[in-house]
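Structure first, commentary second.
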Amino acid sequence: MKRILITISLIFLITNLSAQEKTSRKDLQGYWVIDPRSIEYPVYTIYIGNKEYIFYDDQNYKCKDKLIIESLYGFNDTCPIYRFDELKDSGIYFFSYESKYIQTKDDTEPFLCGIIMGGVHLDRMTKKDTIMILTYEDERAYTIYKKIPKLPEHVEKCLEERGICISPLIHRPE
């Protein structure tokens, strides 16, 4: 019985690892919002180049007090990694590290490994939304992100007020 369970576990692990798709920075560029059913206020994630901005749009705070996290992000085909120069433009594993901690990052401390399950893909339920499902190793939780064509105007203004330039992504009519 024990052998059968080990065999089934190995088959599941091998199947799961081989099913992982590579994701690239190109796939993530743009604006994303976390599935609103799972949180109390909108949380937007913006990917520009190798930077990730997470904007917590809590209406109880003024723009100057809203939480914005700036990180460097990238990918690799192995997990864990320990240094920023190991971040690549594409890979199986997703890594994000807050910019304010870069100077103090110890090379013996591994980055937290994330997996974008099934890569960036069309939502099978709506057949129109582009989504990604991000989970981290050693966690049972996952987060569903939906790609959006633009940010709400008040979010754009707040980011601008806070000195965050998202102009490479803004597609304004000429």
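Just so we're on the same page: first chain in the structure tokens is A, next is B, and so on; residues restart at 1 for each chain, and ligands are numbered from 1 in the order they show up.
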
Distance query Arg25 in chain A at most 7 Å, only C-alpha atoms, self and fewer than 6 positions along chain excluded, as a list in words:
Gly74, Asp89 and Ser90 of chain A

Just list as a PyMOL selection string whatever in chain A DSSP marks as strand (DSSP E or B).
chain A and resi 23-24+30-34+43-48+51-56+68-76+88+90-91+93-98+114-116+121-122+130-136+142-148

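Here the question is which of A:Cys158, A:Ala141, A:Glu109, A:Ile164 gets nearest to Tyr61 in chain A using only C-alpha atoms, and that residue is A:Cys158.
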
Choose the residue, out of A:Lys157, A:Asp107, A:Ile166, A:Gly118, that has the smallest atom-to-atom separation from Thr130 in chain A; count only C-alpha atoms.
A:Gly118

Could you list, with a cut-off of 10 Å and counting only C-alpha atoms, the residues of range 58-111 of chain A near range 31-54 of chain A, each shown with its nearest atom pair and the distance in Å rounded to one decimal, rows sorted by chain and ascending number, as a Markdown table?
| residue | atom | partner | partner_atom | distance |
| --- | --- | --- | --- | --- |
| A:Asp58 | CA | A:Tyr41 | CA | 5.7 |
| A:Gln59 | CA | A:Tyr41 | CA | 7.7 |
| A:Asn60 | CA | A:Tyr41 | CA | 9.9 |
| A:Leu67 | CA | A:Ile54 | CA | 8.1 |
| A:Ile68 | CA | A:Ile54 | CA | 5.5 |
| A:Ile69 | CA | A:Ile54 | CA | 5.0 |
| A:Glu70 | CA | A:Tyr53 | CA | 4.6 |
| A:Ser71 | CA | A:Glu52 | CA | 5.1 |
| A:Leu72 | CA | A:Lys51 | CA | 4.7 |
| A:Tyr73 | CA | A:Asn50 | CA | 5.6 |
| A:Gly74 | CA | A:Asn50 | CA | 6.6 |
| A:Leu87 | CA | A:Asn50 | CA | 9.4 |
| A:Lys88 | CA | A:Asn50 | CA | 9.4 |
| A:Asp89 | CA | A:Asn50 | CA | 8.2 |
| A:Ser96 | CA | A:Glu52 | CA | 7.8 |
| A:Tyr97 | CA | A:Glu52 | CA | 9.1 |
| A:Glu98 | CA | A:Glu52 | CA | 8.9 |
| A:Ser99 | CA | A:Lys51 | CA | 8.9 |

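Interatomic distance, CA of Asp77 in chain A against CA of Pro149 in chain A: 29.2 Å.
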
Between CA of Thr143 in chain A and CA of Asp65 in chain A, what distance in Å does the model show, to one decimal?
24.5 Å

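Restricting the calculation to only C-alpha atoms, the smallest distance between Asp129 in chain A and any of A:Thr108, A:Tyr145, A:Val155, A:Phe94 is found for A:Tyr145.
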
Which residues, written as a VMD selection string, have at least one atom at most 9 Å from Met132 in chain A, with only C-alpha atoms counted and residues fewer than 2 positions away on the same chain left out?
chain A and resid 28 116 to 123 130 134 143 to 147

Those same residues - all heavy atoms - I'd like them written as a short mmCIF file (atom, residue, chain, number, x, y, z; two decimals), in the first residue's frame.
data_model
loop_
_atom_site.label_atom_id
_atom_site.label_comp_id
_atom_site.auth_asym_id
_atom_site.auth_seq_id
_atom_site.Cartn_x
_atom_site.Cartn_y
_atom_site.Cartn_z
N LEU A 28 3.41 39.60 -18.77
CA LEU A 28 2.86 40.31 -17.62
C LEU A 28 2.72 41.81 -17.82
O LEU A 28 1.98 42.46 -17.07
CB LEU A 28 3.72 40.06 -16.38
CG LEU A 28 3.83 38.62 -15.91
CD1 LEU A 28 4.58 38.56 -14.59
CD2 LEU A 28 2.49 37.97 -15.78
N ILE A 116 3.29 30.68 -11.65
CA ILE A 116 2.09 31.15 -12.33
C ILE A 116 1.47 29.92 -12.97
O ILE A 116 1.97 29.41 -13.97
CB ILE A 116 2.40 32.26 -13.34
CG1 ILE A 116 2.97 33.47 -12.60
CG2 ILE A 116 1.15 32.62 -14.14
CD1 ILE A 116 3.41 34.61 -13.47
N MET A 117 0.43 29.42 -12.34
CA MET A 117 -0.16 28.14 -12.73
C MET A 117 -0.81 28.23 -14.11
O MET A 117 -1.70 29.04 -14.33
CB MET A 117 -1.18 27.71 -11.67
CG MET A 117 -0.53 27.48 -10.33
SD MET A 117 -1.60 27.26 -8.89
CE MET A 117 -3.17 26.84 -9.48
N GLY A 118 -0.31 27.42 -15.03
CA GLY A 118 -0.87 27.39 -16.38
C GLY A 118 -0.46 28.59 -17.22
O GLY A 118 -0.97 28.78 -18.31
N GLY A 119 0.46 29.40 -16.74
CA GLY A 119 0.88 30.60 -17.46
C GLY A 119 -0.24 31.63 -17.52
O GLY A 119 -1.29 31.48 -16.92
N VAL A 120 0.00 32.71 -18.24
CA VAL A 120 -1.02 33.73 -18.46
C VAL A 120 -1.95 33.18 -19.53
O VAL A 120 -1.50 32.78 -20.60
CB VAL A 120 -0.37 35.06 -18.90
CG1 VAL A 120 -1.41 36.09 -19.26
CG2 VAL A 120 0.55 35.58 -17.79
N HIS A 121 -3.26 33.13 -19.25
CA HIS A 121 -4.16 32.46 -20.18
C HIS A 121 -5.56 33.06 -20.15
O HIS A 121 -5.90 33.84 -19.27
CB HIS A 121 -4.22 30.97 -19.86
CG HIS A 121 -4.72 30.66 -18.48
ND1 HIS A 121 -3.92 30.72 -17.36
CD2 HIS A 121 -5.95 30.31 -18.03
CE1 HIS A 121 -4.62 30.41 -16.29
NE2 HIS A 121 -5.86 30.16 -16.67
N LEU A 122 -6.35 32.65 -21.13
CA LEU A 122 -7.74 33.07 -21.23
C LEU A 122 -8.54 32.32 -20.17
O LEU A 122 -8.41 31.11 -20.01
CB LEU A 122 -8.28 32.75 -22.62
CG LEU A 122 -9.58 33.40 -23.04
CD1 LEU A 122 -9.43 34.92 -23.08
CD2 LEU A 122 -10.01 32.89 -24.40
N ASP A 123 -9.37 33.05 -19.45
CA ASP A 123 -10.20 32.45 -18.40
C ASP A 123 -11.18 31.47 -19.04
O ASP A 123 -11.92 31.82 -19.96
CB ASP A 123 -10.95 33.55 -17.66
CG ASP A 123 -11.75 33.05 -16.48
OD1 ASP A 123 -11.89 31.82 -16.32
OD2 ASP A 123 -12.24 33.89 -15.72
N THR A 130 -8.25 37.75 -19.60
CA THR A 130 -6.93 37.18 -19.47
C THR A 130 -6.61 37.16 -17.99
O THR A 130 -6.74 38.17 -17.30
CB THR A 130 -5.89 38.05 -20.22
OG1 THR A 130 -6.24 38.07 -21.61
CG2 THR A 130 -4.49 37.49 -20.06
N LEU A 134 -1.38 33.01 -9.36
CA LEU A 134 -0.05 32.97 -8.75
C LEU A 134 -0.12 32.31 -7.38
O LEU A 134 -0.96 32.65 -6.56
CB LEU A 134 0.48 34.41 -8.61
CG LEU A 134 1.84 34.58 -7.94
CD1 LEU A 134 2.94 33.87 -8.73
CD2 LEU A 134 2.17 36.05 -7.78
N THR A 143 -3.54 33.46 -5.65
CA THR A 143 -4.18 34.73 -5.97
C THR A 143 -4.51 34.74 -7.45
O THR A 143 -3.67 34.39 -8.28
CB THR A 143 -3.25 35.92 -5.64
OG1 THR A 143 -2.84 35.80 -4.28
CG2 THR A 143 -3.95 37.24 -5.85
N ILE A 144 -5.74 35.14 -7.78
CA ILE A 144 -6.16 35.24 -9.18
C ILE A 144 -6.09 36.70 -9.59
O ILE A 144 -6.67 37.57 -8.94
CB ILE A 144 -7.59 34.70 -9.38
CG1 ILE A 144 -7.66 33.22 -8.98
CG2 ILE A 144 -8.03 34.90 -10.84
CD1 ILE A 144 -9.06 32.65 -9.00
N TYR A 145 -5.38 36.96 -10.68
CA TYR A 145 -5.26 38.30 -11.24
C TYR A 145 -5.98 38.34 -12.58
O TYR A 145 -5.90 37.39 -13.35
CB TYR A 145 -3.79 38.65 -11.49
CG TYR A 145 -2.94 38.73 -10.26
CD1 TYR A 145 -2.41 37.58 -9.68
CD2 TYR A 145 -2.63 39.96 -9.68
CE1 TYR A 145 -1.60 37.65 -8.55
CE2 TYR A 145 -1.83 40.04 -8.56
CZ TYR A 145 -1.32 38.88 -8.00
OH TYR A 145 -0.53 38.96 -6.89
N LYS A 146 -6.64 39.44 -12.86
CA LYS A 146 -7.30 39.65 -14.15
C LYS A 146 -6.63 40.84 -14.82
O LYS A 146 -6.45 41.89 -14.21
CB LYS A 146 -8.79 39.92 -13.93
CG LYS A 146 -9.55 40.18 -15.21
CD LYS A 146 -11.02 40.38 -14.90
CE LYS A 146 -11.55 41.53 -15.71
NZ LYS A 146 -12.90 41.90 -15.39
N LYS A 147 -6.27 40.67 -16.08
CA LYS A 147 -5.66 41.77 -16.83
C LYS A 147 -6.73 42.77 -17.19
O LYS A 147 -7.83 42.40 -17.60
CB LYS A 147 -4.96 41.24 -18.08
CG LYS A 147 -4.08 42.28 -18.72
CD LYS A 147 -3.03 41.66 -19.58
CE LYS A 147 -1.99 42.72 -19.87
NZ LYS A 147 -0.86 42.20 -20.58
#
